[in-house]
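A.B. asks: Pasting a structure here, questions to come.
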Amino acid sequence: MEGPVERLPAEASDAYFDGRPRGSRIGAWASRQGTVLSDRRSLESRFDQLEEEWRTRDIPRPPYWGGFRLRPEAVEFWEGRPSRLHDRIHYLREDGGWRAERLSP
């Protein structure tokens with residue numbers, strides 16, 4: 001997908017976060033996404049600690065957690081086929097709709 005991206009306002013991120021399952025909200029606090037972990041147990045231990053801490057409380061959205069909105073202007077679907085004769089269909093936003101074109105693999 002291609003197109004401009006914008007950060008969502010805090011209110012939209014809050015609404016989305018609040019609609020996530022409880023375990024996912026705790027996981028957002030337990031994980032420092034993309035950082036190196038010494039082992040899986042340390043992540044699970046942090047999750048368990050937070051789960052107990054917030055057992056009877058609402059879980060707030062972490063300040064570093066938020067959403068983005070992509071306004072697609074182009075989308076490509078790719079399907080692998082034998083002999084590298086893959087299907088590639090490219091959609092482009094045009095005149096309020098979408099135009100499809102087939103691309104060479």
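Chain lettering (A, B, ...) mirrors the order of the structure tokens, residue numbering begins at 1 for each chain separately, and ligand numbering begins at 1 in order of display.
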Applying 12 Å and only C-alpha atoms, which residues near A:Tyr64 remain after dropping the ones on its own chain fewer than 2 positions away? List them as a list in words.
C.D. replies: Ala10, Ser13, Asp14, Ala28, Trp29, Ser31, Arg32, Gln33, Pro60, Arg61, Pro62, Gly66 and Gly67 of chain A
A.B. asks: Which neighbours of A:Arg102 fall inside 8 Å, counting only C-alpha atoms, when residues of the same chain fewer than 2 positions from it are skipped, and could you give them as number ranges by chain?
C.D. replies: A: 87-90, 100, 104
A.B. asks: Write a file of the selected residues as a CSV table (one decimal), in the first residue's frame, keeping C-alpha atoms.
C.D. replies:
chain,number,residue,atom,x,y,z
A,87,ASP,CA,0.1,-12.4,-10.7
A,88,ARG,CA,0.5,-8.8,-9.7
A,89,ILE,CA,-2.6,-6.6,-9.7
A,90,HIS,CA,-2.0,-2.9,-8.9
A,100,ALA,CA,-6.8,-1.8,-11.8
A,104,SER,CA,4.7,-7.9,-15.1
A.B. asks: Taking the DSSP secondary structure from the backbone, can you list the residues of chain A that are alpha helix (DSSP H), as a PyMOL selection string?
C.D. replies: chain A and resi 10-18+22-30+40-53
A.B. asks: Quick one: everything within 10 Å of A:Gly23, counting only C-alpha atoms, minus sequence neighbours fewer than 5 positions away in the same chain. Send it as a count of residues only.
C.D. replies: 4
A.B. asks: Could you tell me which of A:Gly19, A:Pro105, A:Gly97, A:Pro72 comes closest to A:Arg84 if we count only C-alpha atoms?
C.D. replies: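 Of the candidates, the smallest distance to A:Arg84 is held by A:Pro105.
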A.B. asks: How far is it from atom CA of A:Ser24 to atom CA of A:Ser42, in Å with one decimal?
C.D. replies: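 So the answer is 17.1 Å.
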A.B. asks: Using backbone DSSP assignments, extract all strand (DSSP E) residues from stretch 21-86 of chain A; output them as a list in words.
C.D. replies: Phe68, Arg69, Leu70, Ala74, Val75, Glu76, Phe77, Trp78 and Glu79 of chain A
A.B. asks: Would you mind exporting N, CA, C and O atoms of the selected residues as an mmCIF file, in the first residue's frame?
C.D. replies:
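What landed in out-v1.cif:
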data_model
loop_
_atom_site.group_PDB
_atom_site.id
_atom_site.type_symbol
_atom_site.label_atom_id
_atom_site.label_comp_id
_atom_site.auth_asym_id
_atom_site.auth_seq_id
_atom_site.Cartn_x
_atom_site.Cartn_y
_atom_site.Cartn_z
ATOM 1 N N PHE A 68 -1.892 5.006 13.552
ATOM 2 C CA PHE A 68 -1.662 5.792 12.348
ATOM 3 C C PHE A 68 -2.768 5.483 11.351
ATOM 4 O O PHE A 68 -3.328 4.388 11.353
ATOM 5 N N ARG A 69 -3.073 6.431 10.506
ATOM 6 C CA ARG A 69 -4.066 6.234 9.451
ATOM 7 C C ARG A 69 -3.358 6.359 8.113
ATOM 8 O O ARG A 69 -2.677 7.345 7.842
ATOM 9 N N LEU A 70 -3.498 5.334 7.303
ATOM 10 C CA LEU A 70 -2.987 5.343 5.932
ATOM 11 C C LEU A 70 -4.140 5.670 5.009
ATOM 12 O O LEU A 70 -5.197 5.040 5.085
ATOM 13 N N ALA A 74 -2.506 3.710 -3.649
ATOM 14 C CA ALA A 74 -2.146 2.575 -4.493
ATOM 15 C C ALA A 74 -2.073 1.326 -3.622
ATOM 16 O O ALA A 74 -1.611 1.384 -2.484
ATOM 17 N N VAL A 75 -2.559 0.213 -4.167
ATOM 18 C CA VAL A 75 -2.539 -1.074 -3.469
ATOM 19 C C VAL A 75 -2.132 -2.127 -4.487
ATOM 20 O O VAL A 75 -2.622 -2.122 -5.623
ATOM 21 N N GLU A 76 -1.240 -3.026 -4.080
ATOM 22 C CA GLU A 76 -0.839 -4.116 -4.969
ATOM 23 C C GLU A 76 -1.086 -5.457 -4.293
ATOM 24 O O GLU A 76 -0.747 -5.639 -3.132
ATOM 25 N N PHE A 77 -1.693 -6.359 -5.043
ATOM 26 C CA PHE A 77 -1.882 -7.741 -4.600
ATOM 27 C C PHE A 77 -0.970 -8.613 -5.439
ATOM 28 O O PHE A 77 -0.921 -8.488 -6.658
ATOM 29 N N TRP A 78 -0.252 -9.508 -4.772
ATOM 30 C CA TRP A 78 0.730 -10.370 -5.417
ATOM 31 C C TRP A 78 0.402 -11.806 -5.057
ATOM 32 O O TRP A 78 0.161 -12.124 -3.901
ATOM 33 N N GLU A 79 0.386 -12.673 -6.062
ATOM 34 C CA GLU A 79 0.169 -14.094 -5.831
ATOM 35 C C GLU A 79 1.243 -14.871 -6.586
ATOM 36 O O GLU A 79 1.378 -14.726 -7.805
#
A.B. asks: Using only C-alpha atoms for the distances, tell me which of A:Arg25, A:Glu53, A:Ala30, A:Trp65 is nearest to A:Ala12.
C.D. replies: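 Closest residue, counting only C-alpha atoms: A:Trp65.
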A.B. asks: If you measure from atom CA of A:Asp39 to atom CA of A:Pro21, what distance in Å do you get, rounded to one decimal?
C.D. replies: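 About the pair atom CA of A:Asp39 and atom CA of A:Pro21: they are 24.6 Å apart.
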